[in-house]
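Here is the file structure_31.cif (mmCIF, C-alpha atoms (C1' of nucleotides)).
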```cif
data_upload
loop_
_atom_site.label_atom_id
_atom_site.label_comp_id
_atom_site.auth_asym_id
_atom_site.auth_seq_id
_atom_site.Cartn_x
_atom_site.Cartn_y
_atom_site.Cartn_z
CA MET A 14 0.00 0.00 0.00
CA PRO A 15 0.65 3.29 0.33
CA GLU A 16 2.59 3.37 3.53
CA LEU A 17 2.21 6.18 6.04
CA PRO A 18 4.00 8.84 3.99
CA GLU A 19 1.80 8.24 0.97
CA VAL A 20 -1.31 8.39 3.14
CA GLU A 21 -0.12 11.58 4.82
CA VAL A 22 0.69 13.18 1.48
CA THR A 23 -2.75 12.17 0.27
CA ARG A 24 -4.27 13.78 3.34
CA ARG A 25 -2.41 17.02 2.76
CA GLY A 26 -3.27 16.90 -0.91
CA ILE A 27 -7.02 16.53 -0.56
CA MET A 28 -7.50 18.57 2.61
CA PRO A 29 -7.49 22.06 1.08
CA TYR A 30 -9.99 21.04 -1.58
CA ILE A 31 -12.60 19.35 0.57
CA THR A 32 -12.41 20.97 4.00
CA ASN A 33 -15.54 23.05 4.62
CA GLN A 34 -17.01 21.78 1.36
CA ARG A 35 -20.39 20.13 1.10
CA ILE A 36 -20.84 16.77 -0.53
CA GLN A 37 -23.46 17.16 -3.22
CA ARG A 38 -23.58 13.55 -4.20
CA VAL A 39 -21.81 10.26 -3.65
CA VAL A 40 -21.43 7.78 -6.48
CA VAL A 41 -20.58 4.22 -5.47
CA ARG A 42 -19.82 2.09 -8.52
CA THR A 43 -18.27 -0.79 -6.62
CA ALA A 44 -19.33 -1.54 -3.07
CA LYS A 45 -17.18 -4.65 -2.84
CA LEU A 46 -13.97 -3.52 -1.22
CA ARG A 47 -12.23 -5.25 1.69
CA TRP A 48 -15.51 -4.83 3.51
CA PRO A 49 -18.76 -3.84 1.85
CA VAL A 50 -19.09 -0.10 1.43
CA PRO A 51 -22.17 0.94 3.44
CA THR A 52 -25.06 0.85 1.00
CA GLN A 53 -26.56 3.96 2.52
CA LEU A 54 -23.32 5.92 2.06
CA GLY A 55 -24.91 8.34 -0.36
CA THR A 56 -27.81 9.06 1.96
CA LEU A 57 -25.56 9.33 4.98
CA LEU A 58 -23.28 11.85 3.39
CA ASN A 59 -25.71 13.75 1.25
CA ASP A 60 -25.29 17.45 1.83
CA GLY A 61 -22.70 16.63 4.47
CA LEU A 62 -19.99 19.12 5.28
CA ILE A 63 -16.39 17.95 5.57
CA LYS A 64 -15.09 19.46 8.78
CA HIS A 65 -11.72 17.82 9.22
CA VAL A 66 -9.33 15.54 7.35
CA GLU A 67 -7.27 13.52 9.78
CA ARG A 68 -5.06 10.47 9.72
CA ARG A 69 -4.48 7.61 12.16
CA GLY A 70 -1.86 5.14 11.02
CA LYS A 71 -2.70 4.44 7.40
CA TYR A 72 -6.37 5.31 7.83
CA LEU A 73 -7.70 8.60 6.56
CA LEU A 74 -10.46 10.00 8.75
CA LEU A 75 -12.86 12.53 7.29
CA GLU A 76 -15.07 14.13 9.89
CA LEU A 77 -18.52 15.26 8.84
CA GLU A 78 -21.17 16.87 10.98
CA ASN A 79 -22.67 13.55 12.03
CA GLY A 80 -19.81 11.10 11.86
CA TRP A 81 -16.55 9.92 10.40
CA LEU A 82 -15.66 8.48 7.05
CA LEU A 83 -12.85 5.94 7.42
CA ILE A 84 -10.79 5.34 4.33
CA HIS A 85 -7.97 2.85 3.92
CA LEU A 86 -6.07 2.68 0.65
CA GLY A 87 -5.08 -0.97 0.96
CA MET A 88 -2.25 -1.90 -1.42
CA THR A 89 -3.25 0.01 -4.51
CA GLY A 90 -5.75 2.63 -3.46
CA THR A 91 -5.51 6.27 -4.47
CA LEU A 92 -7.57 9.34 -3.74
CA ARG A 93 -7.44 12.16 -6.25
CA ILE A 94 -9.02 15.53 -6.59
CA LEU A 95 -10.52 16.10 -10.01
CA SER A 96 -11.74 19.40 -11.24
CA ARG A 97 -15.36 19.49 -12.31
CA GLY A 98 -15.03 22.84 -13.93
CA THR A 99 -18.50 24.19 -14.54
CA ALA A 100 -19.76 20.90 -15.81
CA SER A 101 -23.11 19.55 -14.78
CA GLU A 102 -23.18 16.17 -13.18
CA SER A 103 -24.00 14.56 -16.48
CA GLN A 104 -20.60 15.59 -17.72
CA LEU A 105 -18.56 13.83 -15.10
CA LEU A 106 -15.10 12.79 -16.10
CA PRO A 107 -14.68 9.37 -17.62
CA THR A 108 -14.03 6.53 -15.23
CA ASP A 109 -11.96 3.44 -15.49
CA ARG A 110 -13.13 0.14 -14.11
CA HIS A 111 -11.28 0.64 -10.85
CA ASP A 112 -12.74 4.05 -10.03
CA HIS A 113 -15.05 2.81 -7.30
CA ILE A 114 -16.33 5.87 -5.47
CA ASP A 115 -16.73 9.60 -6.18
CA TRP A 116 -17.56 12.25 -3.64
CA ILE A 117 -18.87 15.16 -5.64
CA PHE A 118 -18.48 18.71 -4.39
CA ASP A 119 -19.36 22.02 -5.92
CA LYS A 120 -16.17 22.64 -7.83
CA CYS A 121 -14.34 19.34 -7.60
CA MET A 122 -14.70 15.71 -6.84
CA LEU A 123 -12.75 13.25 -4.76
CA ARG A 124 -12.24 9.95 -6.53
CA PHE A 125 -11.26 6.65 -4.93
CA ARG A 126 -9.53 4.19 -7.22
CA ASP A 127 -8.29 0.80 -6.10
CA PRO A 128 -7.51 -1.98 -8.59
CA ARG A 129 -6.93 -4.71 -6.04
CA ARG A 130 -9.79 -3.60 -3.80
CA PHE A 131 -7.94 -4.28 -0.56
CA GLY A 132 -8.93 -0.80 0.52
CA ALA A 133 -11.89 0.12 2.67
CA VAL A 134 -14.47 2.88 3.02
CA LEU A 135 -16.49 2.77 6.21
CA TRP A 136 -18.81 5.04 8.17
CA HIS A 137 -18.67 5.68 11.91
CA PRO A 138 -21.51 7.87 13.20
CA HIS A 139 -20.77 10.22 16.06
CA ASN A 140 -23.36 8.46 18.17
CA ALA A 141 -21.25 5.30 17.99
CA GLY A 142 -18.62 6.96 20.13
CA PRO A 143 -15.13 8.35 19.53
CA VAL A 144 -13.76 7.26 16.18
CA LEU A 145 -10.45 6.26 17.72
CA LEU A 146 -12.34 3.53 19.57
CA HIS A 147 -13.47 2.02 16.28
CA PRO A 148 -12.39 -1.65 16.24
CA LEU A 149 -9.99 -1.02 13.37
CA LEU A 150 -8.32 1.88 15.16
CA ALA A 151 -8.53 1.00 18.83
CA LYS A 152 -5.58 -1.35 18.95
CA LEU A 153 -3.21 0.46 16.65
CA GLY A 154 0.30 1.20 17.82
CA ILE A 155 1.72 4.63 18.37
CA GLU A 156 2.14 7.30 15.69
CA PRO A 157 5.80 7.25 14.58
CA LEU A 158 5.95 11.01 14.16
CA SER A 159 4.48 11.76 17.57
CA ALA A 160 6.60 12.79 20.53
CA ASP A 161 5.40 9.71 22.42
CA PHE A 162 7.21 7.35 20.08
CA ASN A 163 10.39 6.40 21.88
CA SER A 164 12.89 3.66 22.49
CA ALA A 165 11.69 2.84 25.99
CA LEU A 166 8.29 1.90 24.63
CA PHE A 167 9.84 -0.29 21.98
CA HIS A 168 12.11 -1.95 24.50
CA ARG A 169 9.38 -2.57 27.06
CA LEU A 170 6.90 -4.05 24.61
CA THR A 171 9.36 -6.45 23.01
CA ARG A 172 11.15 -7.97 26.01
CA ALA A 173 9.54 -11.39 25.80
CA ARG A 174 9.37 -11.55 22.03
CA SER A 175 11.55 -13.68 19.82
CA THR A 176 9.77 -12.41 16.72
CA PRO A 177 12.10 -10.85 14.14
CA ILE A 178 12.15 -7.06 14.40
CA LYS A 179 11.04 -6.71 10.77
CA GLN A 180 7.81 -8.50 11.56
CA ILE A 181 7.30 -6.44 14.70
CA LEU A 182 7.53 -3.30 12.61
CA LEU A 183 5.01 -4.56 10.07
CA ALA A 184 2.55 -5.78 12.70
CA GLY A 185 1.70 -2.21 13.69
CA GLN A 186 1.00 -3.06 17.29
CA ILE A 187 3.87 -1.00 18.63
CA VAL A 188 4.27 1.58 15.90
CA VAL A 189 1.95 2.20 12.95
CA GLY A 190 2.67 3.26 9.43
CA VAL A 191 5.83 1.33 8.71
CA GLY A 192 5.12 -0.93 5.76
CA ASN A 193 7.27 -3.35 3.85
CA ILE A 194 9.40 -0.76 2.09
CA TYR A 195 10.14 1.53 5.00
CA ALA A 196 10.69 -1.39 7.37
CA SER A 197 13.66 -2.52 5.28
CA GLU A 198 14.86 1.06 4.85
CA SER A 199 14.62 1.95 8.53
CA LEU A 200 16.39 -1.21 9.65
CA PHE A 201 19.19 -0.59 7.20
CA ARG A 202 19.62 2.97 8.40
CA ALA A 203 19.64 1.74 11.99
CA GLY A 204 22.18 -1.00 11.23
CA ILE A 205 19.88 -3.71 12.56
CA HIS A 206 19.55 -7.08 10.84
CA PRO A 207 15.86 -7.66 9.99
CA ALA A 208 15.84 -11.16 11.49
CA THR A 209 17.07 -10.02 14.90
CA ALA A 210 14.79 -11.16 17.72
CA ALA A 211 12.99 -8.04 18.89
CA GLY A 212 13.49 -8.99 22.52
CA ARG A 213 17.26 -9.00 22.13
CA ILE A 214 17.65 -5.46 20.88
CA SER A 215 19.02 -2.98 23.42
CA VAL A 216 17.40 0.34 24.31
CA LYS A 217 20.34 2.07 22.71
CA ARG A 218 19.81 0.30 19.41
CA TYR A 219 16.07 0.99 19.63
CA GLU A 220 16.95 4.65 20.04
CA LYS A 221 18.70 4.54 16.71
CA LEU A 222 15.78 2.66 15.16
CA VAL A 223 13.26 5.22 16.41
CA THR A 224 15.40 8.03 15.00
CA GLU A 225 15.72 6.35 11.63
CA ILE A 226 12.03 5.40 11.35
CA ARG A 227 11.14 9.02 12.00
CA ALA A 228 13.71 10.30 9.53
CA THR A 229 12.76 7.80 6.84
CA LEU A 230 9.06 8.60 7.04
CA ALA A 231 9.58 12.35 7.36
CA GLU A 232 11.84 12.43 4.31
CA ALA A 233 9.34 10.45 2.31
CA ILE A 234 6.54 12.84 3.26
CA GLU A 235 8.73 15.77 2.29
CA LYS A 236 9.46 14.24 -1.10
CA GLY A 237 5.79 13.60 -1.59
CA GLY A 238 5.06 17.21 -0.92
CA SER A 239 6.52 18.07 -4.28
CA THR A 240 3.97 15.85 -5.98
CA LEU A 241 0.96 17.50 -4.42
CA ARG A 242 0.09 19.13 -7.72
CA ASP A 243 -0.60 15.64 -9.01
CA PHE A 244 -3.69 15.51 -6.87
CA VAL A 245 -5.40 17.98 -9.12
CA GLY A 246 -6.35 18.11 -12.72
CA SER A 247 -5.79 14.99 -14.70
CA ASP A 248 -7.58 11.73 -14.32
CA GLY A 249 -4.52 9.64 -14.99
CA ALA A 250 -3.32 7.33 -12.28
CA ARG A 251 0.00 8.50 -10.93
CA GLY A 252 2.38 6.17 -9.23
CA TYR A 253 3.39 7.08 -5.73
CA PHE A 254 6.66 8.90 -5.33
CA GLN A 255 9.74 6.87 -4.66
CA LEU A 256 12.76 7.68 -2.60
CA ASP A 257 16.15 6.53 -3.68
CA TYR A 258 15.96 3.42 -1.59
CA PHE A 259 19.01 2.17 0.27
CA VAL A 260 18.04 -1.49 0.10
CA TYR A 261 14.42 -2.01 -0.96
CA GLY A 262 14.21 -3.70 -4.34
CA ARG A 263 17.99 -3.62 -4.72
CA SER A 264 18.79 -7.32 -4.40
CA GLY A 265 22.31 -8.02 -5.66
CA GLU A 266 23.13 -4.34 -6.14
CA PRO A 267 25.95 -2.77 -4.13
CA CYS A 268 25.18 -1.33 -0.72
CA ARG A 269 25.26 2.45 -0.93
CA ASN A 270 27.29 2.47 2.26
CA CYS A 271 29.83 -0.35 1.90
CA GLY A 272 29.40 -1.83 -1.55
CA ALA A 273 28.47 -5.34 -0.42
CA PRO A 274 25.67 -6.92 -2.48
CA ILE A 275 22.23 -6.32 -0.98
CA ARG A 276 20.44 -9.50 0.03
CA GLN A 277 16.80 -10.41 -0.22
CA ILE A 278 15.08 -12.84 2.15
CA MET A 279 11.48 -13.79 2.75
CA GLN A 280 9.89 -13.09 6.13
CA GLN A 281 6.23 -13.89 6.60
CA GLN A 282 5.92 -14.21 2.86
CA ARG A 283 7.13 -10.67 2.38
CA SER A 284 10.44 -9.65 0.85
CA THR A 285 13.02 -8.08 3.11
CA TYR A 286 16.16 -6.42 1.83
CA TYR A 287 19.27 -5.77 3.85
CA CYS A 288 23.02 -5.33 3.72
CA PRO A 289 24.82 -8.31 5.27
CA ARG A 290 27.80 -6.17 6.13
CA CYS A 291 26.11 -3.09 7.58
CA GLN A 292 23.31 -4.78 9.52
CA HIS A 293 23.76 -7.02 12.53
"C1'" DA B 6 3.99 -18.86 -12.25
"C1'" DG B 7 5.08 -15.95 -8.94
"C1'" DC B 8 5.77 -11.75 -7.40
"C1'" DT B 9 3.71 -6.96 -5.58
"C1'" DG B 10 3.26 -0.83 -1.18
"C1'" DG B 11 -1.80 -4.34 3.76
"C1'" DT B 12 -3.88 -6.47 7.40
"C1'" DC B 13 -7.78 -8.96 9.30
"C1'" DC B 14 -9.24 -13.43 10.64
"C1'" DT B 15 -8.81 -18.20 11.96
"C1'" DG B 16 -6.93 -21.98 14.03
"C1'" DA B 17 -2.75 -23.76 16.23
"C1'" DT B 18 0.62 -23.38 19.74
"C1'" DG B 19 2.71 -22.34 24.11
"C1'" DG B 20 3.08 -20.29 28.77
"C1'" DC B 21 1.15 -19.70 33.24
"C1'" DT C 4 -8.24 -27.67 32.13
"C1'" DG C 5 -8.81 -22.85 30.95
"C1'" DC C 6 -7.41 -18.56 29.57
"C1'" DC C 7 -4.34 -15.60 27.61
"C1'" DA C 8 -0.87 -13.88 24.00
"C1'" DT C 9 1.56 -15.00 20.17
"C1'" DC C 10 2.21 -16.96 15.65
"C1'" DA C 11 1.70 -18.94 10.79
"C1'" DG C 12 -1.12 -19.19 7.07
"C1'" DG C 13 -5.00 -17.97 4.30
"C1'" DA C 14 -7.89 -14.75 2.47
"C1'" DC C 15 -9.18 -10.79 -0.26
"C1'" DC C 16 -7.82 -8.92 -5.68
"C1'" DA C 17 -5.60 -7.17 -10.22
"C1'" DG C 18 -1.52 -6.39 -12.89
"C1'" DC C 19 2.94 -7.24 -14.50
#
```

Could you quickly redo this structure as C-alpha cells?
Amino acid sequence: MPELPEVEVTRRGIMPYITNQRIQRVVVRTAKLRWPVPTQLGTLLNDGLIKHVERRGKYLLLELENGWLLIHLGMTGTLRILSRGTASESQLLPTDRHDHIDWIFDKCMLRFRDPRRFGAVLWHPHNAGPVLLHPLLAKLGIEPLSADFNSALFHRLTRARSTPIKQILLAGQIVVGVGNIYASESLFRAGIHPATAAGRISVKRYEKLVTEIRATLAEAIEKGGSTLRDFVGSDGARGYFQLDYFVYGRSGEPCRNCGAPIRQIMQQQRSTYYCPRCQH
DNA sequence: AGCTGGTCCTGATGGC
DNA sequence: TGCCATCAGGACCAGC
C-alpha cells in the first residue's frame, strides 16, 4: 500500500480542496472492497460538510457533521481531486473500471480508485462513540511522528518476544505506518539485521531505530510534498513517489554504504532487503 | 507462475 | 483444564 508517507501526502493533498465543502452527491460504482461499502453511504453523506481531514496510522479519517468516514487505501488505493469545472453532473469525467467511489463537491470531486480492492471505506456515526475507539483503530500502535514514540516503549513491549524485528515493525501493534518498504529502509539505516529477535535489541539500538524510522518517514513525506500538484487536474493514475531506496528492491546491487551486495530474504511471505555487512 | 506498497481473521501453539 | 498472547497461514484482488 501506500505506507504512512503516501497516506499523509494524500491527506495534505485533498485537505485544502474538501475541507468546509459540502458533498453534493456520492457515487458508489463498486461496493465490494475489503468490507462492503455501506449501501446507505450516499444518503448518509448527502449534503454533508467535511469538517476535518485527519489520519491515524494508514487510515484517513474525514469528519462530517454527524460522523466519520474511514478510508484505507489498501495496497493500490488512491484518492485524487478532479476538477469538475463548470460541468453539470451529467458531464462527469470518464471513469476506469477501478474508479469505485466519487464524492462530488461544488467545484471538484474526490475519486477513490483501487484496482486490487484491498482498501476500505467505512462510516462511523458520532453516536457510535469516539472514532479512535473504532475496532480497526482502537488497537493500533503509536504514531511514529508523535513525541510519544520512543525507544523505551519499543524496548518494554518487546522484552519477551523472539519475533524478528522486521515482523514487529510490520505488525503495527507498537508503531503504525511502517510498511514493507520503509521497514527494510529503517532497519538498514539503523544497522539492525531484519531477522534479529525483537526482545534481544538494546534500548540504545532501539533509540537509533526510532530516530531512523522518523527520519525515513519524514523524508518520504517531504518528497511527496513536491507531488501535491498531481492531486489535481488529470484523471490519470499516478504512481506514488519513490525515494532513492538504500536497500528495498535492490537485491544483488551494491550497498550504498559499503558496496556489499544487498540481500533479499522472505519473512512472513514478504520480501526483506538488507546489507549483510552493515546490519547485525 | 510468482511476485507486488496491507492487514484482518482463523486456528494452532505455548506459557502460566 | 482454561485462559491468555503469540504466531503462521489464508484470504481478499488485479496487474505485470

Query raised in the report: If the PyMOL selection byres ((chain A) within 10 of (chain B)) is run on the structure shown, which residues does it catch, given as a PyMOL selection string?
Result: chain A and resi 14-16+19+47+71+85-90+131-132+149+183-185+192-195+253+283-284

**Report entry** Residues of chain A within 6 Å of chain C, counting all atoms listed in the file, as a list of chain:residue names
**Finding:** A:Pro128, A:Arg129, A:Arg130

Taking (7.8, 5.2, 3.1) in the coordinates of the supplied file, I want to know which residues reach to within 10 Å of it, counting only C-alpha atoms (C1' of nucleotides); could you give the answer as a compact mmCIF listing (two decimals) with C-alpha atoms (C1' of nucleotides), in the frame of the given file?
```txt
# COMPACT_ATOMS: atom_id res chain seq x y z
CA MET A 14 0.00 0.00 0.00
CA PRO A 15 0.65 3.29 0.33
CA GLU A 16 2.59 3.37 3.53
CA LEU A 17 2.21 6.18 6.04
CA PRO A 18 4.00 8.84 3.99
CA GLU A 19 1.80 8.24 0.97
CA VAL A 20 -1.31 8.39 3.14
CA GLY A 190 2.67 3.26 9.43
CA VAL A 191 5.83 1.33 8.71
CA GLY A 192 5.12 -0.93 5.76
CA ASN A 193 7.27 -3.35 3.85
CA ILE A 194 9.40 -0.76 2.09
CA TYR A 195 10.14 1.53 5.00
CA ALA A 196 10.69 -1.39 7.37
CA SER A 197 13.66 -2.52 5.28
CA GLU A 198 14.86 1.06 4.85
CA SER A 199 14.62 1.95 8.53
CA ILE A 226 12.03 5.40 11.35
CA THR A 229 12.76 7.80 6.84
CA LEU A 230 9.06 8.60 7.04
CA ALA A 231 9.58 12.35 7.36
CA GLU A 232 11.84 12.43 4.31
CA ALA A 233 9.34 10.45 2.31
CA ILE A 234 6.54 12.84 3.26
CA GLY A 237 5.79 13.60 -1.59
CA PHE A 254 6.66 8.90 -5.33
CA GLN A 255 9.74 6.87 -4.66
CA LEU A 256 12.76 7.68 -2.60
CA TYR A 258 15.96 3.42 -1.59
C1' DG B 10 3.26 -0.83 -1.18
```

Query raised in the report: Excluding same-chain residues fewer than 4 positions from Leu54 (chain A), what lies within 9 Å of it counting all atoms listed in the file, as a ChimeraX atom specification?
Result: /A:39-41,50,58-59,135-136

Requested in this report: For CA of Val144 (chain A) and CA of Leu46 (chain A), quote the distance in Å rounded to one decimal.
Outcome: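 Between these atoms lies a distance of 20.5 Å.
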
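Across the structure, CA of Ala173 (chain A) and CA of Ala210 (chain A) are spaced 9.6 Å apart.
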
Report task. To one decimal in Å, tell me the separation between CA of Asp115 (chain A) and CA of Ile36 (chain A). Result -> 10.0 Å

Requested in this report: Specify as an MDAnalysis selection string each residue included when the PyMOL selection byres ((chain A and resi 126) around 6) is applied to this file.
Outcome: chainID A and resid 90:91 111:113 125 127

So what does the PyMOL selection byres ((chain A and resi 152) around 12) actually pick up in this one, as a JSON list (two decimals) with C-alpha atoms, in the frame of the given file?
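Printed below is part-v8.json as written:
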```json
[["chain", "number", "residue", "atom", "x", "y", "z"],
["A", 69, "ARG", "CA", -4.48, 7.61, 12.16],
["A", 70, "GLY", "CA", -1.86, 5.14, 11.02],
["A", 145, "LEU", "CA", -10.45, 6.26, 17.72],
["A", 146, "LEU", "CA", -12.34, 3.53, 19.57],
["A", 147, "HIS", "CA", -13.47, 2.02, 16.28],
["A", 148, "PRO", "CA", -12.39, -1.65, 16.24],
["A", 149, "LEU", "CA", -9.99, -1.02, 13.37],
["A", 150, "LEU", "CA", -8.32, 1.88, 15.16],
["A", 151, "ALA", "CA", -8.53, 1.00, 18.83],
["A", 153, "LEU", "CA", -3.21, 0.46, 16.65],
["A", 154, "GLY", "CA", 0.30, 1.20, 17.82],
["A", 155, "ILE", "CA", 1.72, 4.63, 18.37],
["A", 184, "ALA", "CA", 2.55, -5.78, 12.70],
["A", 185, "GLY", "CA", 1.70, -2.21, 13.69],
["A", 186, "GLN", "CA", 1.00, -3.06, 17.29],
["A", 187, "ILE", "CA", 3.87, -1.00, 18.63],
["A", 188, "VAL", "CA", 4.27, 1.58, 15.90],
["A", 189, "VAL", "CA", 1.95, 2.20, 12.95]]
```

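Across A:Cys121, A:Phe244, A:Arg227, A:Leu92, the tightest approach to Asp161 (chain A) is made by A:Arg227 when counting all atoms listed in the file.
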
Report task. Excluding Leu222 (chain A) and any residue of its chain fewer than 2 positions from it, enumerate the residues within 9 Å of it, using all atoms listed in the file, and give them as a PyMOL selection string. Result -> chain A and resi 164+199-200+202-205+217-220+224-227
